[in-house]
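A.B. asks: Structure file protein-v8.pdb (PDB, C-alpha atoms) is given on the next line.
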ATOM      1  CA  MET A 101       0.000   0.000   0.000
ATOM      2  CA  ALA A 102       1.427   3.358  -0.969
ATOM      3  CA  VAL A 103       2.950   5.596   1.664
ATOM      4  CA  SER A 104       1.670   9.147   1.344
ATOM      5  CA  PHE A 105       3.880  12.237   1.264
ATOM      6  CA  HIS A 106       1.892  15.442   1.692
ATOM      7  CA  VAL A 107       3.634  18.430   0.133
ATOM      8  CA  ARG A 108       2.117  21.881   0.032
ATOM      9  CA  SER A 109       3.758  23.692  -2.836
ATOM     10  CA  ASN A 110       2.578  24.974  -6.168
ATOM     11  CA  SER A 111       6.166  24.719  -7.338
ATOM     12  CA  TYR A 112       6.291  20.922  -7.062
ATOM     13  CA  PRO A 113       6.770  19.285 -10.500
ATOM     14  CA  SER A 114       3.659  18.693 -12.487
ATOM     15  CA  ARG A 115       3.076  15.227 -13.843
ATOM     16  CA  LEU A 116       3.295  16.892 -17.237
ATOM     17  CA  HIS A 117       7.012  17.478 -16.774
ATOM     18  CA  PRO A 118       8.964  15.020 -19.024
ATOM     19  CA  GLN A 119      10.867  13.509 -16.097
ATOM     20  CA  ALA A 120       7.672  13.039 -14.076
ATOM     21  CA  VAL A 121       5.990  11.483 -17.124
ATOM     22  CA  HIS A 122       8.948   9.109 -17.500
ATOM     23  CA  VAL A 123       8.648   8.045 -13.850
ATOM     24  CA  ASP A 124       4.903   7.469 -14.321
ATOM     25  CA  GLU A 125       5.623   5.226 -17.301
ATOM     26  CA  GLN A 126       8.167   3.232 -15.313
ATOM     27  CA  LEU A 127       5.707   2.780 -12.451
ATOM     28  CA  THR A 128       3.055   1.572 -14.891
ATOM     29  CA  ARG A 129       5.437  -1.028 -16.328
ATOM     30  CA  LEU A 130       6.447  -2.177 -12.859
ATOM     31  CA  ARG A 131       2.834  -2.555 -11.733
ATOM     32  CA  SER A 132       2.118  -4.556 -14.861
ATOM     33  CA  SER A 133       5.142  -6.813 -14.353
ATOM     34  CA  GLU A 134       4.115  -7.400 -10.721
ATOM     35  CA  GLU A 135       0.673  -8.579 -11.818
ATOM     36  CA  THR A 136       1.899 -10.880 -14.589
ATOM     37  CA  SER A 137       5.317 -12.098 -13.415
ATOM     38  CA  THR A 138       6.003 -15.569 -12.084
ATOM     39  CA  SER A 139       7.905 -16.323  -8.893
ATOM     40  CA  SER A 140      11.152 -17.205 -10.623
ATOM     41  CA  SER A 141      14.714 -16.012 -10.136
ATOM     42  CA  SER A 142      14.848 -14.527 -13.644
ATOM     43  CA  SER A 143      11.609 -12.587 -13.060
ATOM     44  CA  ILE A 144      12.830 -11.235  -9.712
ATOM     45  CA  CYS A 145      16.212 -10.249 -11.195
ATOM     46  CA  GLN A 146      14.435  -8.376 -13.989
ATOM     47  CA  ARG A 147      12.286  -6.524 -11.469
ATOM     48  CA  LEU A 148      15.407  -5.614  -9.476
ATOM     49  CA  ASP A 149      16.921  -4.119 -12.633
ATOM     50  CA  ASN A 150      13.723  -2.178 -13.335
ATOM     51  CA  LEU A 151      13.640  -0.849  -9.766
ATOM     52  CA  GLN A 152      17.226   0.309 -10.087
ATOM     53  CA  ASP A 153      16.235   2.267 -13.205
ATOM     54  CA  LEU A 154      13.201   3.685 -11.388
ATOM     55  CA  HIS A 155      15.261   5.009  -8.471
ATOM     56  CA  GLU A 156      17.756   6.568 -10.838
ATOM     57  CA  SER A 157      14.825   8.384 -12.451
ATOM     58  CA  LEU A 158      13.473   9.431  -9.043
ATOM     59  CA  ASP A 159      16.927  10.777  -8.221
ATOM     60  CA  LYS A 160      16.733  12.964 -11.331
ATOM     61  CA  LEU A 161      13.254  14.086 -10.287
ATOM     62  CA  ILE A 162      14.591  15.102  -6.871
ATOM     63  CA  ARG A 163      17.353  17.149  -8.552
ATOM     64  CA  LEU A 164      14.933  19.289 -10.581
ATOM     65  CA  PRO A 165      14.834  22.996  -9.537
ATOM     66  CA  PHE A 166      11.176  23.018  -8.454
ATOM     67  CA  THR A 167      11.701  19.882  -6.329
ATOM     68  CA  GLN A 168      14.816  21.441  -4.810
ATOM     69  CA  HIS A 169      12.673  24.448  -3.893
ATOM     70  CA  ALA A 170       9.658  22.532  -2.555
ATOM     71  CA  LEU A 171      11.121  19.852  -0.300
ATOM     72  CA  PRO A 172      13.086  22.052   2.159
ATOM     73  CA  GLN A 173       9.969  24.067   3.025
ATOM     74  CA  GLU A 174       8.868  23.735   6.668
ATOM     75  CA  GLN A 175       5.344  22.578   5.775
ATOM     76  CA  ASN A 176       6.863  19.617   3.891
ATOM     77  CA  LYS A 177       8.957  18.390   6.808
ATOM     78  CA  LYS A 178       6.734  15.378   7.529
ATOM     79  CA  ALA A 179       6.699  14.357   3.886
ATOM     80  CA  VAL A 180      10.480  14.446   3.615
ATOM     81  CA  GLU A 181      10.881  12.490   6.851
ATOM     82  CA  GLN A 182       8.614   9.759   5.451
ATOM     83  CA  LEU A 183      10.576   9.789   2.227
ATOM     84  CA  LEU A 184      13.879   9.338   4.070
ATOM     85  CA  ASP A 185      12.457   6.689   6.407
ATOM     86  CA  GLY A 186      11.144   4.745   3.423
ATOM     87  CA  SER A 187      14.473   4.777   1.602
ATOM     88  CA  LEU A 188      16.284   3.660   4.759
ATOM     89  CA  ARG A 189      13.801   0.865   5.281
ATOM     90  CA  ILE A 190      14.351  -0.436   1.760
ATOM     91  CA  LEU A 191      18.127  -0.269   2.210
ATOM     92  CA  ASP A 192      17.673  -2.418   5.322
ATOM     93  CA  LEU A 193      15.741  -4.943   3.231
ATOM     94  CA  CYS A 194      18.573  -4.976   0.690
ATOM     95  CA  ASN A 195      21.101  -5.699   3.435
ATOM     96  CA  ILE A 196      18.965  -8.454   4.976
ATOM     97  CA  SER A 197      18.672 -10.082   1.549
ATOM     98  CA  LYS A 198      22.380  -9.814   0.762
ATOM     99  CA  ASP A 199      23.400 -11.215   4.154
ATOM    100  CA  ALA A 200      21.089 -14.228   3.784
ATOM    101  CA  LEU A 201      22.277 -14.931   0.233
ATOM    102  CA  SER A 202      25.935 -14.611   1.237
ATOM    103  CA  GLN A 203      25.456 -17.072   4.081
ATOM    104  CA  MET A 204      23.816 -19.624   1.784
ATOM    105  CA  LYS A 205      26.413 -19.186  -0.935
ATOM    106  CA  GLU A 206      29.226 -19.832   1.519
ATOM    107  CA  GLY A 207      27.687 -23.175   2.503
ATOM    108  CA  LEU A 208      27.070 -24.183  -1.108
ATOM    109  CA  MET A 209      30.653 -23.405  -2.104
ATOM    110  CA  GLU A 210      31.963 -25.685   0.662
ATOM    111  CA  ILE A 211      29.657 -28.501  -0.457
ATOM    112  CA  GLN A 212      30.720 -28.057  -4.080
ATOM    113  CA  SER A 213      34.373 -28.208  -3.046
ATOM    114  CA  MET A 214      33.771 -31.516  -1.251
ATOM    115  CA  LEU A 215      31.859 -32.937  -4.214
ATOM    116  CA  ARG A 216      34.716 -32.084  -6.568
ATOM    117  CA  ARG A 217      37.350 -33.588  -4.275
ATOM    118  CA  LYS A 218      35.072 -36.543  -3.482
ATOM    119  CA  ARG A 219      36.164 -36.463   0.116
ATOM    120  CA  GLY A 220      35.281 -34.807   3.406
ATOM    121  CA  ASP A 221      32.183 -34.986   5.571
ATOM    122  CA  ILE A 222      29.640 -34.064   2.893
ATOM    123  CA  SER A 223      26.749 -35.356   4.998
ATOM    124  CA  GLY A 224      27.800 -33.144   7.901
ATOM    125  CA  GLU A 225      28.217 -30.104   5.645
ATOM    126  CA  VAL A 226      24.769 -30.692   4.115
ATOM    127  CA  LYS A 227      23.203 -30.849   7.590
ATOM    128  CA  LYS A 228      25.013 -27.643   8.468
ATOM    129  CA  TYR A 229      23.650 -25.969   5.322
ATOM    130  CA  LEU A 230      20.087 -27.152   6.031
ATOM    131  CA  ALA A 231      20.317 -25.879   9.620
ATOM    132  CA  SER A 232      21.473 -22.527   8.264
ATOM    133  CA  ARG A 233      18.609 -22.513   5.756
ATOM    134  CA  LYS A 234      16.116 -23.210   8.547
ATOM    135  CA  SER A 235      17.431 -20.249  10.539
ATOM    136  CA  ILE A 236      17.347 -18.001   7.464
ATOM    137  CA  LYS A 237      13.773 -19.032   6.629
ATOM    138  CA  LYS A 238      12.680 -18.201  10.174
ATOM    139  CA  SER A 239      14.302 -14.777   9.961
ATOM    140  CA  LEU A 240      12.760 -14.058   6.554
ATOM    141  CA  GLN A 241       9.307 -15.058   7.802
ATOM    142  CA  LYS A 242       9.614 -12.484  10.585
ATOM    143  CA  VAL A 243      10.540  -9.817   8.057
ATOM    144  CA  LEU A 244       7.598 -10.826   5.852
ATOM    145  CA  LYS A 245       5.208 -10.361   8.775
ATOM    146  CA  SER A 246       6.640  -6.903   9.459
ATOM    147  CA  LEU A 247       6.183  -5.994   5.786
ATOM    148  CA  LYS A 248       2.494  -6.900   5.955
ATOM    149  CA  VAL A 249       2.028  -4.688   9.014
ATOM    150  CA  LYS A 250       3.648  -1.757   7.170
ATOM    151  CA  GLN A 251       1.534  -2.391   4.063
ATOM    152  CA  ASP A 252      -1.645  -2.097   6.128
ATOM    153  CA  GLN A 253      -0.742   1.419   7.261
ATOM    154  CA  GLU A 254      -2.526   3.776   4.878
ATOM    155  CA  CYS A 255      -2.609   7.539   4.870
ATOM    156  CA  ASN A 256      -5.408   9.250   2.961
ATOM    157  CA  GLU A 257      -3.742  12.653   2.661
ATOM    158  CA  GLU A 258      -3.161  14.346  -0.656
ATOM    159  CA  SER A 259       0.166  12.832  -1.634
ATOM    160  CA  LEU A 260       3.143  12.839  -3.907
ATOM    161  CA  ALA A 261       1.987   9.606  -5.446
ATOM    162  CA  VAL A 262       5.144   8.782  -7.386
ATOM    163  CA  PHE A 263       7.232   8.398  -4.231
ATOM    164  CA  GLY A 264       4.596   6.411  -2.362
ATOM    165  CA  GLU A 265       3.994   4.146  -5.343
ATOM    166  CA  ALA A 266       7.713   3.597  -5.829
ATOM    167  CA  GLU A 267       8.142   2.554  -2.207
ATOM    168  CA  ALA A 268       5.117   0.233  -2.306
ATOM    169  CA  ILE A 269       6.273  -1.487  -5.487
ATOM    170  CA  THR A 270       9.800  -1.868  -4.124
ATOM    171  CA  VAL A 271       8.546  -3.391  -0.873
ATOM    172  CA  ALA A 272       6.361  -5.762  -2.916
ATOM    173  CA  LEU A 273       9.493  -6.966  -4.721
ATOM    174  CA  PHE A 274      11.136  -7.837  -1.418
ATOM    175  CA  ASP A 275       7.997  -9.670  -0.349
ATOM    176  CA  SER A 276       8.297 -11.791  -3.492
ATOM    177  CA  LEU A 277      12.048 -12.228  -3.032
ATOM    178  CA  PHE A 278      11.753 -13.375   0.596
ATOM    179  CA  CYS A 279       8.926 -15.774  -0.293
ATOM    180  CA  PHE A 280      11.045 -17.170  -3.119
ATOM    181  CA  MET A 281      14.172 -17.550  -0.988
ATOM    182  CA  SER A 282      12.295 -19.249   1.856
ATOM    183  CA  GLY A 283      10.038 -21.353  -0.365
ATOM    184  CA  SER A 284       7.022 -19.805   1.349
ATOM    185  CA  LYS A 285       3.555 -20.022  -0.171
ATOM    186  CA  SER A 286       2.348 -17.174   2.037
ATOM    187  CA  CYS A 287       2.995 -13.888   0.273
ATOM    188  CA  SER A 288       1.474 -10.427   0.399
ATOM    189  CA  LYS A 289      -1.512  -9.195  -1.555
ATOM    190  CA  TRP A 290       0.723  -8.219  -4.514
ATOM    191  CA  SER A 291       2.106 -11.730  -4.864
ATOM    192  CA  LEU A 292      -1.362 -13.172  -4.221
ATOM    193  CA  VAL A 293      -2.795 -11.149  -7.093
ATOM    194  CA  SER A 294      -0.007 -12.439  -9.313
ATOM    195  CA  LYS A 295      -0.741 -16.028  -8.317
ATOM    196  CA  LEU A 296      -4.483 -15.676  -8.842
ATOM    197  CA  MET A 297      -3.833 -14.380 -12.351
ATOM    198  CA  ASN A 298      -1.415 -17.216 -13.087
ATOM    199  CA  GLN A 299      -2.932 -20.234 -11.322
ATOM    200  CA  LYS A 300      -1.808 -22.629 -14.024
ATOM    201  CA  ARG A 301       1.812 -21.613 -13.427
ATOM    202  CA  VAL A 302       1.892 -22.149  -9.649
ATOM    203  CA  THR A 303       2.557 -25.884  -9.712
ATOM    204  CA  CYS A 304       5.281 -25.451 -12.325
ATOM    205  CA  GLU A 305       6.911 -22.663 -10.330
ATOM    206  CA  ALA A 306       7.268 -24.941  -7.307
ATOM    207  CA  HIS A 307       9.549 -27.133  -9.395
ATOM    208  CA  THR A 308      11.622 -24.260 -10.793
ATOM    209  CA  ASN A 309      12.519 -22.674  -7.445
ATOM    210  CA  GLU A 310      16.273 -23.225  -7.241
ATOM    211  CA  PHE A 311      16.307 -22.904  -3.446
ATOM    212  CA  THR A 312      13.592 -25.462  -2.689
ATOM    213  CA  ARG A 313      14.895 -27.881  -5.330
ATOM    214  CA  VAL A 314      18.294 -28.093  -3.635
ATOM    215  CA  ASP A 315      16.635 -28.233  -0.198
ATOM    216  CA  SER A 316      14.621 -31.265  -1.319
ATOM    217  CA  GLU A 317      17.691 -33.037  -2.700
ATOM    218  CA  PHE A 318      19.672 -32.421   0.471
ATOM    219  CA  GLN A 319      16.826 -33.519   2.742
ATOM    220  CA  SER A 320      16.132 -36.728   0.789
ATOM    221  CA  GLU A 321      19.823 -37.696   1.068
ATOM    222  CA  LYS A 322      19.807 -38.873  -2.529
ATOM    223  CA  THR A 323      22.802 -38.506  -4.808
ATOM    224  CA  LEU A 324      23.674 -34.835  -4.804
ATOM    225  CA  LYS A 325      23.513 -33.206  -8.233
ATOM    226  CA  MET A 326      26.431 -30.865  -8.761
ATOM    227  CA  GLU A 327      24.502 -29.199 -11.587
ATOM    228  CA  ASP A 328      21.616 -28.150  -9.327
ATOM    229  CA  VAL A 329      24.008 -26.807  -6.697
ATOM    230  CA  GLN A 330      25.820 -24.792  -9.379
ATOM    231  CA  ILE A 331      22.524 -23.474 -10.760
ATOM    232  CA  LEU A 332      21.499 -22.301  -7.291
ATOM    233  CA  GLU A 333      24.878 -20.649  -6.728
ATOM    234  CA  SER A 334      24.524 -18.854 -10.075
ATOM    235  CA  CYS A 335      20.996 -17.767  -9.103
ATOM    236  CA  ILE A 336      22.317 -16.359  -5.812
ATOM    237  CA  GLN A 337      25.076 -14.511  -7.665
ATOM    238  CA  ASP A 338      22.543 -12.878 -10.017
ATOM    239  CA  LEU A 339      20.342 -11.832  -7.094
ATOM    240  CA  GLU A 340      23.331 -10.417  -5.211
ATOM    241  CA  GLU A 341      24.372  -8.331  -8.208
ATOM    242  CA  GLY A 342      20.830  -7.004  -8.679
ATOM    243  CA  LEU A 343      20.532  -6.108  -4.992
ATOM    244  CA  GLU A 344      23.919  -4.401  -4.982
ATOM    245  CA  SER A 345      22.974  -2.264  -7.994
ATOM    246  CA  LEU A 346      19.629  -1.343  -6.411
ATOM    247  CA  SER A 347      21.387  -0.448  -3.141
ATOM    248  CA  LYS A 348      23.729   1.945  -4.946
ATOM    249  CA  SER A 349      20.800   3.648  -6.696
ATOM    250  CA  LEU A 350      18.926   3.956  -3.388
ATOM    251  CA  ILE A 351      21.940   5.491  -1.643
ATOM    252  CA  LYS A 352      22.389   8.004  -4.457
ATOM    253  CA  TYR A 353      18.667   8.844  -4.339
ATOM    254  CA  ARG A 354      18.768   9.250  -0.541
ATOM    255  CA  VAL A 355      21.865  11.484  -0.703
ATOM    256  CA  SER A 356      20.102  13.709  -3.246
ATOM    257  CA  ILE A 357      17.222  14.211  -0.813
ATOM    258  CA  LEU A 358      19.604  15.037   2.034
ATOM    259  CA  ASN A 359      21.547  17.428  -0.193
ATOM    260  CA  THR A 360      18.299  19.165  -1.111
ATOM    261  CA  LEU A 361      17.624  19.788   2.582
ATOM    262  CA  GLY A 362      21.095  21.283   2.935
ATOM    263  CA  HIS A 363      20.557  23.950   0.262
TER     264      HIS A 363
END
What would the structure in this file look like if it were written as structure tokens?
C.D. replies:
Amino acid sequence: MAVSFHVRSNSYPSRLHPQAVHVDEQLTRLRSSEETSTSSSSSICQRLDNLQDLHESLDKLIRLPFTQHALPQEQNKKAVEQLLDGSLRILDLCNISKDALSQMKEGLMEIQSMLRRKRGDISGEVKKYLASRKSIKKSLQKVLKSLKVKQDQECNEESLAVFGEAEAITVALFDSLFCFMSGSKSCSKWSLVSKLMNQKRVTCEAHTNEFTRVDSEFQSEKTLKMEDVQILESCIQDLEEGLESLSKSLIKYRVSILNTLGH
């Protein structure tokens, strides 16, 4: 649900401004992709790339003269605080994601090393990885619950919709990402809408989740497939790169807001 930012200024950019129009178009594409995308690593990576582009565009919007004039005004203090809080919250989500992925990748690399050498306590390392996965899933579930609480907080003030929409769509991406990483079937209303529109794909998606596929192989204690472990590691690498790029765009966007307040 969008977070509202009430700004009282006739000098704030009109949606007719080319940069504002561009941001609107990006938001429209992102909303469309959220409704039609599947819960797959490639889909999530593409959405991460699109969100990076969106925040770069928002950064340009913040740098426009009329925005620079409007945001520092005293009557807009609450709006700017919400804007900064939202960007910090999303950066926290990026860090939580990157830490969890890094932890999993480290365990997978050790298992791959043992498989290549064909020696070492592979069974013990697999149990260690599964224990780590269990802890990560528990942590992600807690974050998912906190996201749902935030999503239910609506403000009906006149708002700067582009910023609220951007935050809502970005949070929805992390909801999908955490569900995907944990193998959870319980996602927010955004992911639920996507699933309802793509019911025929749900069963197939369960088999294409790289995380749950490797979990199942490890838990069944069957012959470990090096290929599946490598595919999961590659998936983690792609997600890490997408998150890192988004983080950099968010930091740049946040710094622009802070610089505006310093003028």
A.B. asks: For a cut-off of 10 Å around (13.6, -18.9, -6.7), file coordinates, pick out all residues using all atoms listed in the file and list them as a list in words.
C.D. replies: Thr138, Ser139, Ser140, Ser141, Ser142, Ser143, Ile144, Ser276, Leu277, Phe278, Cys279, Phe280, Met281, Ser282, Gly283, Glu305, Ala306, His307, Thr308, Asn309, Glu310, Phe311, Thr312, Arg313, Leu332, Cys335, Ile336 and Leu339 of chain A
A.B. asks: Write out as a PyMOL selection string each polymer residue whose atoms come within 12 Å of A:Arg354, counting all atoms listed in the file; drop sequence neighbours fewer than 2 positions from it.
C.D. replies: chain A and resi 155-156+158-160+162-163+180-191+347-352+356-361
A.B. asks: For atom CA of A:Gly220 and atom CA of A:Glu321, quote the distance in Å rounded to one decimal.
C.D. replies: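 Atom CA of A:Gly220 sits 15.9 Å away from atom CA of A:Glu321.
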A.B. asks: Within 12 Å of (25.6, -17.1, 4.2) in the file's own coordinates, which protein, DNA or RNA residues have an atom, counting all atoms listed in the file? List them as number ranges by chain.
C.D. replies: A: 196-210, 228-233, 235-236, 333, 336, 340
A.B. asks: Give the answer as one residue: which of A:Ser316, A:Ser345, A:Gln337, A:Thr323 has the shortest atom-to-atom distance to A:Leu215, using all atoms listed in the file?
C.D. replies: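 Nearest to A:Leu215: A:Thr323.
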